[in-house]
file run.cif (mmCIF, C-alpha atoms and all ligand atoms)
data_structure
#
loop_
_atom_site.group_PDB
_atom_site.id
_atom_site.type_symbol
_atom_site.label_atom_id
_atom_site.label_comp_id
_atom_site.auth_asym_id
_atom_site.auth_seq_id
_atom_site.Cartn_x
_atom_site.Cartn_y
_atom_site.Cartn_z
ATOM 1 C CA MET A 231 -10.613 2.455 1.010
ATOM 2 C CA GLN A 232 -9.975 4.070 4.389
ATOM 3 C CA ASN A 233 -9.623 7.708 5.106
ATOM 4 C CA ILE A 234 -8.858 9.278 1.761
ATOM 5 C CA ARG A 235 -10.500 12.667 1.638
ATOM 6 C CA ASN A 236 -11.494 13.838 -1.776
ATOM 7 C CA ILE A 237 -8.873 16.488 -2.008
ATOM 8 C CA GLN A 238 -7.987 18.884 -4.719
ATOM 9 C CA ASN A 239 -4.770 19.837 -2.939
ATOM 10 C CA ARG A 240 -1.426 18.233 -3.466
ATOM 11 C CA ALA A 241 -0.759 14.609 -2.613
ATOM 12 C CA MET A 242 2.506 12.696 -2.403
ATOM 13 C CA ILE A 243 3.740 9.185 -1.807
ATOM 14 C CA ILE A 244 6.091 8.819 1.144
ATOM 15 C CA ALA A 245 7.679 5.388 1.400
ATOM 16 C CA MET A 246 9.813 4.305 4.331
ATOM 17 C CA THR A 247 12.037 1.218 4.086
ATOM 18 C CA GLY A 248 14.306 -0.633 6.476
ATOM 19 C CA ALA A 249 17.423 1.533 6.252
ATOM 20 C CA SER A 250 18.566 3.395 9.320
ATOM 21 C CA GLY A 251 17.191 6.932 9.600
ATOM 22 C CA ALA A 252 13.465 6.456 10.244
ATOM 23 C CA ALA A 253 13.447 9.898 11.877
ATOM 24 C CA TYR A 254 14.059 11.499 8.480
ATOM 25 C CA GLY A 255 10.844 9.968 7.151
ATOM 26 C CA LEU A 256 8.781 11.005 10.163
ATOM 27 C CA ARG A 257 10.096 14.566 10.131
ATOM 28 C CA LEU A 258 9.484 14.898 6.388
ATOM 29 C CA MET A 259 5.898 13.738 6.865
ATOM 30 C CA GLN A 260 5.415 16.253 9.683
ATOM 31 C CA LYS A 261 6.586 19.138 7.500
ATOM 32 C CA LEU A 262 4.541 18.075 4.461
ATOM 33 C CA LEU A 263 1.400 17.695 6.558
ATOM 34 C CA LYS A 264 1.939 21.207 7.881
ATOM 35 C CA GLU A 265 1.673 22.373 4.271
ATOM 36 C CA ASN A 266 -1.632 20.505 3.893
ATOM 37 C CA ILE A 267 -0.201 17.908 1.554
ATOM 38 C CA PHE A 268 -2.064 14.597 1.665
ATOM 39 C CA LEU A 269 0.256 11.632 2.213
ATOM 40 C CA HIS A 270 -0.040 8.160 0.711
ATOM 41 C CA VAL A 271 2.241 6.264 3.105
ATOM 42 C CA LEU A 272 3.980 2.998 2.187
ATOM 43 C CA LEU A 273 5.922 1.245 4.943
ATOM 44 C CA SER A 274 7.966 -1.881 4.305
ATOM 45 C CA ASP A 275 8.012 -4.590 6.984
ATOM 46 C CA ALA A 276 11.645 -3.728 7.715
ATOM 47 C CA ALA A 277 10.716 -0.040 8.043
ATOM 48 C CA CYS A 278 8.372 -1.007 10.883
ATOM 49 C CA VAL A 279 11.207 -2.874 12.611
ATOM 50 C CA VAL A 280 13.469 0.176 12.305
ATOM 51 C CA LEU A 281 10.694 2.547 13.473
ATOM 52 C CA LYS A 282 10.422 0.511 16.660
ATOM 53 C CA GLN A 283 14.197 0.240 17.091
ATOM 54 C CA GLU A 284 15.051 3.890 16.404
ATOM 55 C CA CYS A 285 11.910 5.845 17.317
ATOM 56 C CA ASP A 286 10.036 3.594 19.792
ATOM 57 C CA LEU A 287 7.094 3.617 17.398
ATOM 58 C CA LEU A 288 5.408 0.207 17.329
ATOM 59 C CA LEU A 289 2.813 0.179 14.546
ATOM 60 C CA PRO A 290 0.009 -2.390 14.244
ATOM 61 C CA GLU A 291 0.088 -4.979 11.471
ATOM 62 C CA LYS A 292 -2.871 -3.820 9.380
ATOM 63 C CA ALA A 293 -2.724 -0.716 7.196
ATOM 64 C CA ALA A 294 -5.852 0.868 8.728
ATOM 65 C CA GLY A 295 -4.336 0.628 12.207
ATOM 66 C CA LYS A 296 -1.052 2.008 10.910
ATOM 67 C CA SER A 297 -2.842 5.032 9.409
ATOM 68 C CA LYS A 298 -4.593 5.761 12.691
ATOM 69 C CA MET A 299 -1.520 5.418 14.882
ATOM 70 C CA LEU A 300 0.777 7.308 12.524
ATOM 71 C CA ALA A 301 -1.681 10.206 12.323
ATOM 72 C CA GLU A 302 -1.851 10.285 16.129
ATOM 73 C CA TYR A 303 1.945 10.154 16.411
ATOM 74 C CA LEU A 304 2.322 13.027 13.940
ATOM 75 C CA GLY A 305 -0.458 15.001 15.625
ATOM 76 C CA VAL A 306 -2.721 15.268 12.587
ATOM 77 C CA ASP A 307 -6.272 14.363 11.668
ATOM 78 C CA ALA A 308 -6.762 10.749 10.516
ATOM 79 C CA THR A 309 -7.911 12.020 7.097
ATOM 80 C CA SER A 310 -4.493 13.599 6.424
ATOM 81 C CA LEU A 311 -2.756 10.398 5.435
ATOM 82 C CA CYS A 312 -3.394 6.826 4.387
ATOM 83 C CA CYS A 313 -1.206 3.722 4.767
ATOM 84 C CA TYR A 314 -1.595 0.751 2.422
ATOM 85 C CA GLU A 315 -0.995 -2.972 2.567
ATOM 86 C CA LYS A 316 2.187 -4.251 0.938
ATOM 87 C CA HIS A 317 0.316 -5.733 -2.045
ATOM 88 C CA ASP A 318 -2.585 -3.307 -2.379
ATOM 89 C CA TRP A 319 -2.583 -3.091 -6.163
ATOM 90 C CA PHE A 320 -5.840 -1.103 -6.015
ATOM 91 C CA SER A 321 -4.217 1.855 -4.261
ATOM 92 C CA PRO A 322 -3.600 5.079 -6.248
ATOM 93 C CA ALA A 323 0.156 4.563 -5.893
ATOM 94 C CA ALA A 324 -0.002 1.407 -8.008
ATOM 95 C CA SER A 325 -1.127 3.059 -11.226
ATOM 96 C CA GLY A 326 0.214 5.625 -13.648
ATOM 97 C CA SER A 327 -3.317 6.961 -14.099
ATOM 98 C CA SER A 328 -3.354 8.456 -10.591
ATOM 99 C CA ASN A 329 -2.751 12.175 -10.237
ATOM 100 C CA ILE A 330 0.103 11.757 -7.740
ATOM 101 C CA ARG A 331 3.156 13.403 -9.210
ATOM 102 C CA GLN A 332 5.829 13.024 -6.519
ATOM 103 C CA MET A 333 7.260 10.198 -4.429
ATOM 104 C CA VAL A 334 10.026 10.039 -1.844
ATOM 105 C CA VAL A 335 11.599 6.869 -0.437
ATOM 106 C CA VAL A 336 13.107 7.933 2.877
ATOM 107 C CA PRO A 337 15.123 6.225 4.183
ATOM 108 C CA CYS A 338 15.821 3.940 1.217
ATOM 109 C CA SER A 339 17.443 0.565 1.932
ATOM 110 C CA MET A 340 19.873 -1.022 -0.486
ATOM 111 C CA GLY A 341 17.341 -3.825 -0.957
ATOM 112 C CA THR A 342 14.592 -1.488 -2.130
ATOM 113 C CA LEU A 343 17.133 0.504 -4.170
ATOM 114 C CA ALA A 344 18.038 -2.735 -5.990
ATOM 115 C CA GLY A 345 14.384 -3.622 -6.522
ATOM 116 C CA ILE A 346 13.632 -0.207 -8.019
ATOM 117 C CA ALA A 347 16.790 -0.120 -10.160
ATOM 118 C CA ASN A 348 15.818 -3.469 -11.658
ATOM 119 C CA GLY A 349 12.104 -2.816 -12.127
ATOM 120 C CA ILE A 350 11.062 -5.708 -9.885
ATOM 121 C CA SER A 351 7.665 -4.252 -8.783
ATOM 122 C CA ASP A 352 7.073 -7.146 -6.389
ATOM 123 C CA HIS A 353 5.427 -4.976 -3.711
ATOM 124 C CA LEU A 354 3.733 -1.593 -3.620
ATOM 125 C CA ILE A 355 6.864 0.478 -2.870
ATOM 126 C CA GLU A 356 8.735 -0.973 -5.844
ATOM 127 C CA ARG A 357 5.651 -0.746 -8.059
ATOM 128 C CA ALA A 358 4.929 2.882 -7.095
ATOM 129 C CA ALA A 359 8.564 3.834 -7.799
ATOM 130 C CA ASP A 360 8.423 1.985 -11.123
ATOM 131 C CA VAL A 361 5.291 3.953 -11.997
ATOM 132 C CA MET A 362 6.976 7.272 -11.177
ATOM 133 C CA ILE A 363 9.896 6.397 -13.446
ATOM 134 C CA LYS A 364 7.805 5.165 -16.374
ATOM 135 C CA GLU A 365 5.461 8.163 -16.151
ATOM 136 C CA ARG A 366 8.463 10.541 -15.867
ATOM 137 C CA LYS A 367 7.158 11.923 -12.599
ATOM 138 C CA GLN A 368 9.397 12.918 -9.674
ATOM 139 C CA LEU A 369 11.019 10.161 -7.634
ATOM 140 C CA ILE A 370 13.427 11.026 -4.823
ATOM 141 C CA LEU A 371 15.461 8.338 -3.088
ATOM 142 C CA VAL A 372 17.270 8.932 0.199
ATOM 143 C CA PRO A 373 19.626 5.938 0.412
ATOM 144 C CA ARG A 374 21.548 5.070 3.593
ATOM 145 C CA GLU A 375 24.349 2.571 3.842
ATOM 146 C CA THR A 376 28.053 2.659 4.518
ATOM 147 C CA PRO A 377 30.349 1.706 2.963
ATOM 148 C CA LEU A 378 28.727 1.539 -0.453
ATOM 149 C CA SER A 379 29.545 -1.454 -2.662
ATOM 150 C CA ALA A 380 29.895 -1.294 -6.443
ATOM 151 C CA ILE A 381 26.434 -2.914 -6.625
ATOM 152 C CA HIS A 382 24.887 -0.044 -4.647
ATOM 153 C CA LEU A 383 26.778 2.581 -6.645
ATOM 154 C CA GLU A 384 25.794 1.035 -9.989
ATOM 155 C CA HIS A 385 22.136 1.020 -8.957
ATOM 156 C CA MET A 386 22.351 4.660 -7.907
ATOM 157 C CA LEU A 387 24.057 5.685 -11.143
ATOM 158 C CA LYS A 388 21.489 3.800 -13.225
ATOM 159 C CA LEU A 389 18.617 5.506 -11.401
ATOM 160 C CA SER A 390 20.226 8.923 -11.528
ATOM 161 C CA ARG A 391 20.596 8.566 -15.312
ATOM 162 C CA LEU A 392 16.875 7.777 -15.468
ATOM 163 C CA GLY A 393 16.144 11.125 -13.804
ATOM 164 C CA VAL A 394 15.633 9.877 -10.243
ATOM 165 C CA ASP A 395 16.827 12.398 -7.630
ATOM 166 C CA MET A 396 19.409 10.756 -5.388
ATOM 167 C CA ILE A 397 19.606 12.619 -2.066
ATOM 168 C CA PRO A 398 21.755 10.397 0.161
ATOM 169 C CA ALA A 399 21.316 10.717 3.909
ATOM 170 C CA MET A 400 24.553 12.662 4.361
ATOM 171 C CA PRO A 401 23.906 15.757 6.475
ATOM 172 C CA GLY A 402 26.494 18.543 6.358
ATOM 173 C CA PHE A 403 28.135 19.987 9.447
ATOM 174 C CA TYR A 404 28.930 23.495 8.238
ATOM 175 C CA HIS A 405 25.921 24.938 10.087
ATOM 176 C CA ARG A 406 27.502 23.599 13.335
ATOM 177 C CA PRO A 407 24.611 21.419 14.556
ATOM 178 C CA LYS A 408 24.254 21.037 18.324
ATOM 179 C CA ALA A 409 21.483 18.447 18.309
ATOM 180 C CA ILE A 410 20.377 15.426 16.296
ATOM 181 C CA ASP A 411 17.209 17.274 15.261
ATOM 182 C CA GLU A 412 19.328 19.807 13.392
ATOM 183 C CA LEU A 413 20.984 17.011 11.402
ATOM 184 C CA ILE A 414 17.573 15.537 10.610
ATOM 185 C CA ASP A 415 16.270 18.928 9.504
ATOM 186 C CA PHE A 416 19.323 19.466 7.320
ATOM 187 C CA MET A 417 18.360 16.417 5.247
ATOM 188 C CA VAL A 418 14.620 17.048 5.327
ATOM 189 C CA ASP A 419 15.082 20.649 4.193
ATOM 190 C CA ARG A 420 17.066 19.507 1.137
ATOM 191 C CA ILE A 421 14.288 17.032 0.276
ATOM 192 C CA LEU A 422 11.612 19.736 0.652
ATOM 193 C CA ASP A 423 13.582 22.031 -1.664
ATOM 194 C CA HIS A 424 13.640 19.330 -4.327
ATOM 195 C CA LEU A 425 9.909 18.763 -3.875
ATOM 196 C CA HIS A 426 9.345 22.532 -4.284
ATOM 197 C CA VAL A 427 7.515 22.682 -0.974
ATOM 198 C CA ASN A 428 7.446 25.929 0.955
ATOM 199 C CA ASN A 429 9.965 25.772 3.806
ATOM 200 C CA ALA A 430 10.706 29.195 5.203
ATOM 201 C CA GLU A 431 12.386 27.755 8.311
ATOM 202 C CA ALA A 432 15.244 26.142 6.366
ATOM 203 C CA LYS A 433 18.740 27.327 7.210
ATOM 204 C CA ARG A 434 20.490 28.386 4.024
ATOM 205 C CA TRP A 435 24.108 28.952 3.212
ATOM 206 C CA GLY A 436 25.009 32.625 3.001
ATOM 207 C CA GLU A 437 21.864 33.878 4.795
HETATM 208 C C1 LIG B 1 17.971 -1.344 12.809
HETATM 209 C C2 LIG B 1 18.262 -1.706 11.383
HETATM 210 C C3 LIG B 1 19.006 -0.850 10.612
HETATM 211 C C4 LIG B 1 19.269 -1.138 9.271
HETATM 212 N N1 LIG B 1 19.988 -0.238 8.530
HETATM 213 C C5 LIG B 1 20.122 -0.418 7.206
HETATM 214 C C6 LIG B 1 20.731 0.587 6.407
HETATM 215 O O1 LIG B 1 21.132 1.640 6.893
HETATM 216 N N2 LIG B 1 20.775 0.385 5.082
HETATM 217 C C7 LIG B 1 20.273 -0.736 4.476
HETATM 218 O O2 LIG B 1 20.334 -0.843 3.245
HETATM 219 N N3 LIG B 1 19.718 -1.748 5.228
HETATM 220 C C8 LIG B 1 19.630 -1.601 6.569
HETATM 221 N N4 LIG B 1 19.031 -2.579 7.342
HETATM 222 C C9 LIG B 1 18.663 -3.850 6.698
HETATM 223 C C10 LIG B 1 17.331 -3.773 5.958
HETATM 224 O O3 LIG B 1 16.297 -3.476 6.865
HETATM 225 C C11 LIG B 1 17.056 -5.122 5.257
HETATM 226 O O4 LIG B 1 17.974 -5.314 4.192
HETATM 227 C C12 LIG B 1 15.641 -5.254 4.752
HETATM 228 O O5 LIG B 1 15.490 -6.484 4.068
HETATM 229 C C13 LIG B 1 15.259 -4.136 3.811
HETATM 230 O O6 LIG B 1 13.939 -4.380 3.374
HETATM 231 P P1 LIG B 1 13.051 -3.247 2.683
HETATM 232 O O7 LIG B 1 13.899 -2.693 1.569
HETATM 233 O O8 LIG B 1 11.863 -3.987 2.201
HETATM 234 O O9 LIG B 1 12.712 -2.257 3.718
HETATM 235 C C14 LIG B 1 18.788 -2.330 8.689
HETATM 236 C C15 LIG B 1 18.013 -3.198 9.483
HETATM 237 C C16 LIG B 1 17.764 -2.891 10.809
HETATM 238 C C17 LIG B 1 16.920 -3.815 11.634
#
call {"tool": "encode", "arguments": {"input": "run.cif", "output": "structure tokens", "more": "lines below"}}
Ligand SMILES: Cc1cc2nc3c(=O)[nH]c(=O)nc-3n(C[C@H](O)[C@H](O)[C@H](O)COP(=O)(O)O)c2cc1C
result
Amino acid sequence: MQNIRNIQNRAMIIAMTGASGAAYGLRLMQKLLKENIFLHVLLSDAACVVLKQECDLLLPEKAAGKSKMLAEYLGVDATSLCCYEKHDWFSPAASGSSNIRQMVVVPCSMGTLAGIANGISDHLIERAADVMIKERKQLILVPRETPLSAIHLEHMLKLSRLGVDMIPAMPGFYHRPKAIDELIDFMVDRILDHLHVNNAEAKRWGE
């Protein structure tokens, strides 16, 4: 297995799927890496299409190449994160026996939302999410779609009742953002709060 340092410090699974809002995923990874959190990164095929479309980031096909390029893009050492193939059932994310306790799917497409809500586990993102739910670990989904159909809403309600944190990509405007980065940070800061990750830079209501 490439690049996994034998770390005692915290590790998380960050999955990106093909919903709009790839910048949220990249920014979240940047902030987690700054806190020395090791990232197990799962990217769906559609996520790679959206990364190219929205962020001009064209990743190679193989997971090892993805790890290298993503680390370069985020400005971190190659041992700080590891990407996996879509069906790598030998990765830590695939098993409840791993010591990973938190996972975020950001952005989360309605397709992946449906797969998770129905326990499909057909690829590593769905399997990893299924593991988090069955092991009662923390799973955060950041869904993005509009409008939402009754199918989407039923899936979200089902997952919320199972204890999954639903943090829809709906930035607020009460802090009067002037730039897109501020809207991205608004969402990422809420996710970091739910992950209990130190984030002193976050703008907070009433401060
Ligand atoms: C540029 C772009 C933006 C998209 N935006 C969304 C979106 O916001 N929400 C969504 O559910 N699907 C969106 N899609 C469609 C998904 O990518 C598509 O349903 C895909 O099959 C999802 O696969 P995945 O869940 O494996 O990533 C978008 C696709 C593209 C190319």
call {"tool": "axis_aligned_box", "arguments": {"input": "run.cif", "around": "ligand LIG 1 (chain B)", "padding_each_side": "3 Å", "output": "lines of an AutoDock Vina configuration file"}}
result
center_x = 16.5
center_y = -2.4
center_z = 7.2
size_x = 15.3
size_y = 14.1
size_z = 17.2
call {"tool": "closest_residue", "arguments": {"input": "run.cif", "among": "A:Glu315, A:Asp307, A:Asp395, A:Glu356", "to": "ligand LIG 1 (chain B)", "atoms": "all atoms listed in the file"}}
result
A:Glu356
call {"tool": "resolve_selection", "arguments": {"input": "run.cif", "expression": "the PyMOL selection byres (((not hetatm)) within 9 of (chain B and resi 1))", "output": "ChimeraX atom specification"}}
result
/A:246-251,273-284,337-345,353,355,373-376
call {"tool": "closest_residue", "arguments": {"input": "run.cif", "among": "A:Asp360, A:His405, A:Leu269, A:Val418", "to": "Glu437 in chain A", "atoms": "all atoms listed in the file"}}
result
A:His405
call {"tool": "closest_residue", "arguments": {"input": "run.cif", "among": "A:Val306, A:Met333, A:Gly326, A:Phe320", "to": "Ile244 in chain A", "atoms": "only C-alpha atoms"}}
result
A:Met333
call {"tool": "resolve_selection", "arguments": {"input": "run.cif", "expression": "the PyMOL selection byres (((chain A and resi 323) around 10) and not hetatm)", "output": "VMD selection string"}}
result
chain A and resid 242 to 243 270 to 272 314 318 to 322 324 to 331 333 354 to 355 357 to 359 361 to 362
call {"tool": "closest_residue", "arguments": {"input": "run.cif", "among": "A:Val394, A:Cys285, A:Ala409, A:Val336", "to": "Ala245 in chain A", "atoms": "all atoms listed in the file"}}
result
A:Val336
call {"tool": "resolve_selection", "arguments": {"input": "run.cif", "expression": "the PyMOL selection byres (((chain A and resi 397) around 6) and not hetatm)", "output": "list of chain:residue names"}}
result
A:Val372, A:Met396, A:Pro398
call {"tool": "residues_around", "arguments": {"input": "run.cif", "residues": "range 422-434 of chain A", "least_positions_apart": "6", "cutoff": "8 Å", "atoms": "only C-alpha atoms", "output": "list in words"}}
result
Leu258, Leu262, Glu265, Gln332, Asp415 and Phe416 of chain A
call {"tool": "atom_distance", "arguments": {"input": "run.cif", "atom1": "CA of Met299 in chain A", "atom2": "CA of Arg420 in chain A"}}
result
27.1 Å
